[in-house]
Amino acid sequence: AQKITQTQPGMFVQEKEAVTLDCTYDTSDQSYGLFWYKQPSSGEMIFLIYQGSYDEQNATEGRYSLNFQKARKSANLVISASQLGDSAMYFCAMREQSSYKLIFGSGTRLLVRP
Amino acid sequence: EADIYQTPRYLVIGTGKKITLECSQTMGHDKMYWYQQDPGMELHLIHYSYGVNSTEKGDLSSESTVSRIRTEHFPLTLESARPSHTSQYLCASRTGGNTEAFFGQGTRLTVV
């Protein structure tokens, strides 16, 4: 069954440092996609980065990169040079090719300290 | 900027009332989703659709129903609202493949 697990309910990071948010997934599909979203206190959902199961290189988008380890079924988000505005909830999500579901993990609350 | 809209943004309603939460998108996306989210908590998939006249229940048991008569419109209906339905409801849409989902601003529902 399709499942996303985020084991870190909350994380702290010092401003300007890097932080890794963990995400593991379970699927029987060979083709799937992994997403990360940011949800600030305002409640909007902001798309950050995407990784496809067949992508050979790790995805990067500005300060965001995805550490994709297919054999371990993990897709960790790395935020470099943290900023105060990065304080938010972060959700990992997965869509399978065989179904049209898009499911989310339980989220990680990141707090950036000045 | 995403063109997906939810109305109303906020709704306070009495127990037992029938309500419909509206979601519309102008991007021509065939896949649409409804999620229920308590503040700061997980997004639970309650319904999804992969095209006109196709709807499926999500992983979270819900007493709501949905319809998809037009591509751009995916309303969610609660026949008889209860206090346990108090939550935020998020609508999203996407095309296929590698594309991300775009989210509406959400409807914050309170049932008293």
# chains A, B, ... in the order shown; residues from 1 in each chain; ligands from 1
$ select_by_dssp --residues "chain A" --states "strand (DSSP E)" --output "PyMOL selection string"
chain A and resi 3-5+10-14+19-21+24-26+32-39+46-52+60-61+64-69+74-79+88-96+102-104+108-113
$ write_last_selection --atoms "C-alpha atoms" --output "mmCIF file, in the first residue's frame"
data_model
loop_
_atom_site.group_PDB
_atom_site.id
_atom_site.type_symbol
_atom_site.label_atom_id
_atom_site.label_comp_id
_atom_site.auth_asym_id
_atom_site.auth_seq_id
_atom_site.Cartn_x
_atom_site.Cartn_y
_atom_site.Cartn_z
ATOM 1 C CA LYS A 3 2.485 5.237 2.381
ATOM 2 C CA ILE A 4 4.585 8.274 3.290
ATOM 3 C CA THR A 5 6.389 8.563 6.640
ATOM 4 C CA GLY A 10 9.622 19.197 14.807
ATOM 5 C CA MET A 11 13.087 20.451 13.940
ATOM 6 C CA PHE A 12 15.206 23.431 14.910
ATOM 7 C CA VAL A 13 17.956 24.918 12.802
ATOM 8 C CA GLN A 14 20.169 27.953 13.219
ATOM 9 C CA VAL A 19 18.907 21.200 7.570
ATOM 10 C CA THR A 20 17.645 17.827 6.353
ATOM 11 C CA LEU A 21 14.017 16.801 6.649
ATOM 12 C CA THR A 24 10.492 7.584 3.581
ATOM 13 C CA TYR A 25 7.879 6.014 1.376
ATOM 14 C CA ASP A 26 6.400 2.674 0.485
ATOM 15 C CA TYR A 32 6.038 7.203 -9.004
ATOM 16 C CA GLY A 33 6.787 10.795 -8.103
ATOM 17 C CA LEU A 34 7.791 12.484 -4.883
ATOM 18 C CA PHE A 35 7.014 16.072 -3.936
ATOM 19 C CA TRP A 36 7.836 18.448 -1.120
ATOM 20 C CA TYR A 37 5.526 21.245 -0.074
ATOM 21 C CA LYS A 38 5.893 24.086 2.410
ATOM 22 C CA GLN A 39 2.965 25.343 4.447
ATOM 23 C CA ILE A 46 3.721 26.014 -1.680
ATOM 24 C CA PHE A 47 5.322 23.498 -4.029
ATOM 25 C CA LEU A 48 9.092 23.229 -3.535
ATOM 26 C CA ILE A 49 10.616 20.359 -5.483
ATOM 27 C CA TYR A 50 9.832 17.182 -7.423
ATOM 28 C CA GLN A 51 11.701 13.888 -7.943
ATOM 29 C CA GLY A 52 10.598 11.183 -10.355
ATOM 30 C CA THR A 60 17.588 20.761 -7.015
ATOM 31 C CA GLU A 61 15.685 24.057 -6.916
ATOM 32 C CA TYR A 64 16.294 23.137 -1.947
ATOM 33 C CA SER A 65 17.686 19.766 -2.941
ATOM 34 C CA LEU A 66 16.279 16.298 -2.669
ATOM 35 C CA ASN A 67 18.466 13.448 -1.462
ATOM 36 C CA PHE A 68 16.823 10.559 -3.310
ATOM 37 C CA GLN A 69 17.897 7.059 -2.301
ATOM 38 C CA SER A 74 13.881 7.734 1.062
ATOM 39 C CA ALA A 75 13.498 11.239 -0.348
ATOM 40 C CA ASN A 76 14.933 13.680 2.163
ATOM 41 C CA LEU A 77 14.683 17.422 1.637
ATOM 42 C CA VAL A 78 17.821 19.468 2.231
ATOM 43 C CA ILE A 79 17.481 23.200 2.784
ATOM 44 C CA ALA A 88 6.930 26.451 8.390
ATOM 45 C CA MET A 89 5.430 22.990 8.109
ATOM 46 C CA TYR A 90 7.003 20.811 5.437
ATOM 47 C CA PHE A 91 5.136 17.937 3.802
ATOM 48 C CA CYS A 92 6.449 15.095 1.684
ATOM 49 C CA ALA A 93 3.985 13.652 -0.838
ATOM 50 C CA MET A 94 3.848 10.824 -3.356
ATOM 51 C CA ARG A 95 1.802 9.980 -6.409
ATOM 52 C CA GLU A 96 1.772 6.520 -7.955
ATOM 53 C CA LEU A 102 -1.581 12.016 -4.170
ATOM 54 C CA ILE A 103 -0.912 11.298 -0.495
ATOM 55 C CA PHE A 104 0.977 13.269 2.108
ATOM 56 C CA THR A 108 7.676 18.309 9.946
ATOM 57 C CA ARG A 109 7.503 21.684 11.657
ATOM 58 C CA LEU A 110 10.747 23.566 11.059
ATOM 59 C CA LEU A 111 11.736 26.496 13.230
ATOM 60 C CA VAL A 112 14.682 28.630 12.167
ATOM 61 C CA ARG A 113 16.431 30.375 15.047
#
$ closest_atom_pairs --of "range 33-57 of chain B" --to "range 76-81 of chain B" --cutoff "12 Å" --atoms "only C-alpha atoms" --output "CSV"
residue,atom,partner,partner_atom,distance
B:Tyr33,CA,B:Leu76,CA,10.1
B:Trp34,CA,B:Leu76,CA,7.9
B:Tyr35,CA,B:Leu76,CA,10.5
B:Gln36,CA,B:Leu76,CA,11.3
B:Ile46,CA,B:Leu76,CA,10.0
B:His47,CA,B:Leu76,CA,8.7
B:Tyr48,CA,B:Leu76,CA,10.5
B:Ser49,CA,B:Leu76,CA,11.7
B:Thr55,CA,B:Leu76,CA,11.3
B:Lys57,CA,B:Leu76,CA,11.8
$ interface_residues --of "chain B" --to "chain A" --cutoff "9 Å" --atoms "only C-alpha atoms" --output "VMD selection string"
chain B and resid 31 33 39 to 45 48 to 50 58 to 59 96 to 106
$ write_last_selection --atoms "N, CA, C and O atoms" --output "CSV table (one decimal), in the first residue's frame"
chain,number,residue,atom,x,y,z
B,31,LYS,N,-7.1,16.0,-13.0
B,31,LYS,CA,-7.1,15.3,-11.6
B,31,LYS,C,-7.3,16.4,-10.5
B,31,LYS,O,-6.7,17.4,-10.5
B,33,TYR,N,-8.5,16.9,-6.2
B,33,TYR,CA,-8.4,16.2,-4.9
B,33,TYR,C,-9.0,17.1,-3.8
B,33,TYR,O,-8.9,18.3,-3.9
B,39,PRO,N,-5.5,22.1,11.9
B,39,PRO,CA,-4.4,23.1,12.0
B,39,PRO,C,-3.1,22.5,12.3
B,39,PRO,O,-3.0,21.8,13.4
B,40,GLY,N,-2.1,22.7,11.5
B,40,GLY,CA,-0.7,22.2,11.7
B,40,GLY,C,-0.6,20.7,11.7
B,40,GLY,O,0.5,20.2,12.1
B,41,MET,N,-1.6,20.0,11.1
B,41,MET,CA,-1.5,18.5,11.1
B,41,MET,C,-1.5,18.0,9.7
B,41,MET,O,-1.3,18.7,8.7
B,42,GLU,N,-1.6,16.7,9.6
B,42,GLU,CA,-1.4,16.0,8.4
B,42,GLU,C,-2.6,16.3,7.4
B,42,GLU,O,-3.7,16.6,7.8
B,43,LEU,N,-2.3,16.2,6.1
B,43,LEU,CA,-3.4,16.3,5.1
B,43,LEU,C,-3.9,14.9,4.8
B,43,LEU,O,-3.2,14.0,4.4
B,44,HIS,N,-5.2,14.7,5.0
B,44,HIS,CA,-5.8,13.4,4.8
B,44,HIS,C,-6.6,13.5,3.5
B,44,HIS,O,-7.5,14.3,3.3
B,45,LEU,N,-6.3,12.6,2.6
B,45,LEU,CA,-7.1,12.5,1.3
B,45,LEU,C,-8.4,11.9,1.5
B,45,LEU,O,-8.6,10.8,2.0
B,48,TYR,N,-10.9,12.0,-4.5
B,48,TYR,CA,-10.1,12.4,-5.7
B,48,TYR,C,-10.9,12.0,-7.0
B,48,TYR,O,-11.7,11.2,-6.9
B,49,SER,N,-10.5,12.7,-8.0
B,49,SER,CA,-11.1,12.4,-9.3
B,49,SER,C,-10.0,12.5,-10.4
B,49,SER,O,-9.1,13.4,-10.3
B,50,TYR,N,-10.1,11.6,-11.4
B,50,TYR,CA,-9.2,11.7,-12.5
B,50,TYR,C,-9.8,12.1,-13.8
B,50,TYR,O,-9.2,12.0,-14.8
B,58,GLY,N,-10.9,8.6,-0.8
B,58,GLY,CA,-9.5,8.5,-0.4
B,58,GLY,C,-9.3,7.6,0.8
B,58,GLY,O,-10.1,6.7,1.0
B,59,ASP,N,-8.2,7.8,1.5
B,59,ASP,CA,-7.8,6.9,2.6
B,59,ASP,C,-8.5,7.2,3.9
B,59,ASP,O,-8.6,6.4,4.7
B,96,GLY,N,-1.2,15.3,-15.4
B,96,GLY,CA,-0.6,14.0,-15.1
B,96,GLY,C,0.9,14.1,-14.9
B,96,GLY,O,1.5,15.1,-14.9
B,97,GLY,N,1.5,12.9,-14.8
B,97,GLY,CA,2.9,12.8,-14.9
B,97,GLY,C,3.7,13.5,-13.8
B,97,GLY,O,3.4,13.3,-12.6
B,98,ASN,N,4.6,14.3,-14.2
B,98,ASN,CA,5.6,14.9,-13.2
B,98,ASN,C,5.1,16.2,-12.6
B,98,ASN,O,5.9,16.9,-11.9
B,99,THR,N,3.9,16.6,-12.9
B,99,THR,CA,3.5,17.9,-12.5
B,99,THR,C,3.0,18.0,-11.1
B,99,THR,O,2.4,17.0,-10.6
B,100,GLU,N,3.3,19.1,-10.5
B,100,GLU,CA,2.9,19.3,-9.1
B,100,GLU,C,1.4,19.6,-9.0
B,100,GLU,O,0.8,20.0,-10.0
B,101,ALA,N,0.8,19.5,-7.8
B,101,ALA,CA,-0.6,19.9,-7.6
B,101,ALA,C,-0.6,21.3,-7.1
B,101,ALA,O,0.3,21.8,-6.4
B,102,PHE,N,-1.6,22.0,-7.6
B,102,PHE,CA,-1.8,23.4,-7.2
B,102,PHE,C,-3.0,23.4,-6.2
B,102,PHE,O,-4.0,22.7,-6.4
B,103,PHE,N,-2.9,24.1,-5.1
B,103,PHE,CA,-3.8,24.1,-4.1
B,103,PHE,C,-4.6,25.4,-4.0
B,103,PHE,O,-4.1,26.5,-4.3
B,104,GLY,N,-5.9,25.3,-3.6
B,104,GLY,CA,-6.7,26.4,-3.3
B,104,GLY,C,-6.3,27.0,-1.9
B,104,GLY,O,-5.5,26.4,-1.2
B,105,GLN,N,-7.0,28.1,-1.6
B,105,GLN,CA,-6.7,28.7,-0.3
B,105,GLN,C,-7.3,28.0,0.9
B,105,GLN,O,-7.0,28.3,2.0
B,106,GLY,N,-8.3,27.1,0.6
B,106,GLY,CA,-8.9,26.3,1.7
B,106,GLY,C,-10.2,26.9,2.2
B,106,GLY,O,-10.4,28.1,2.0
$ closest_residue --among "B:Ser24, B:Asn53, B:Thr107, B:Thr86" --to "Glu72 in chain B" --atoms "only C-alpha atoms"
B:Ser24
$ atom_distance --atom1 "CA of Arg82 in chain B" --atom2 "CA of Ile69 in chain B"
26.6 Å
$ residues_around --residues "Val111 in chain B" --least-positions-apart "5" --cutoff "10 Å" --atoms "only C-alpha atoms" --output "ChimeraX atom specification"
/B:11-17,81-87
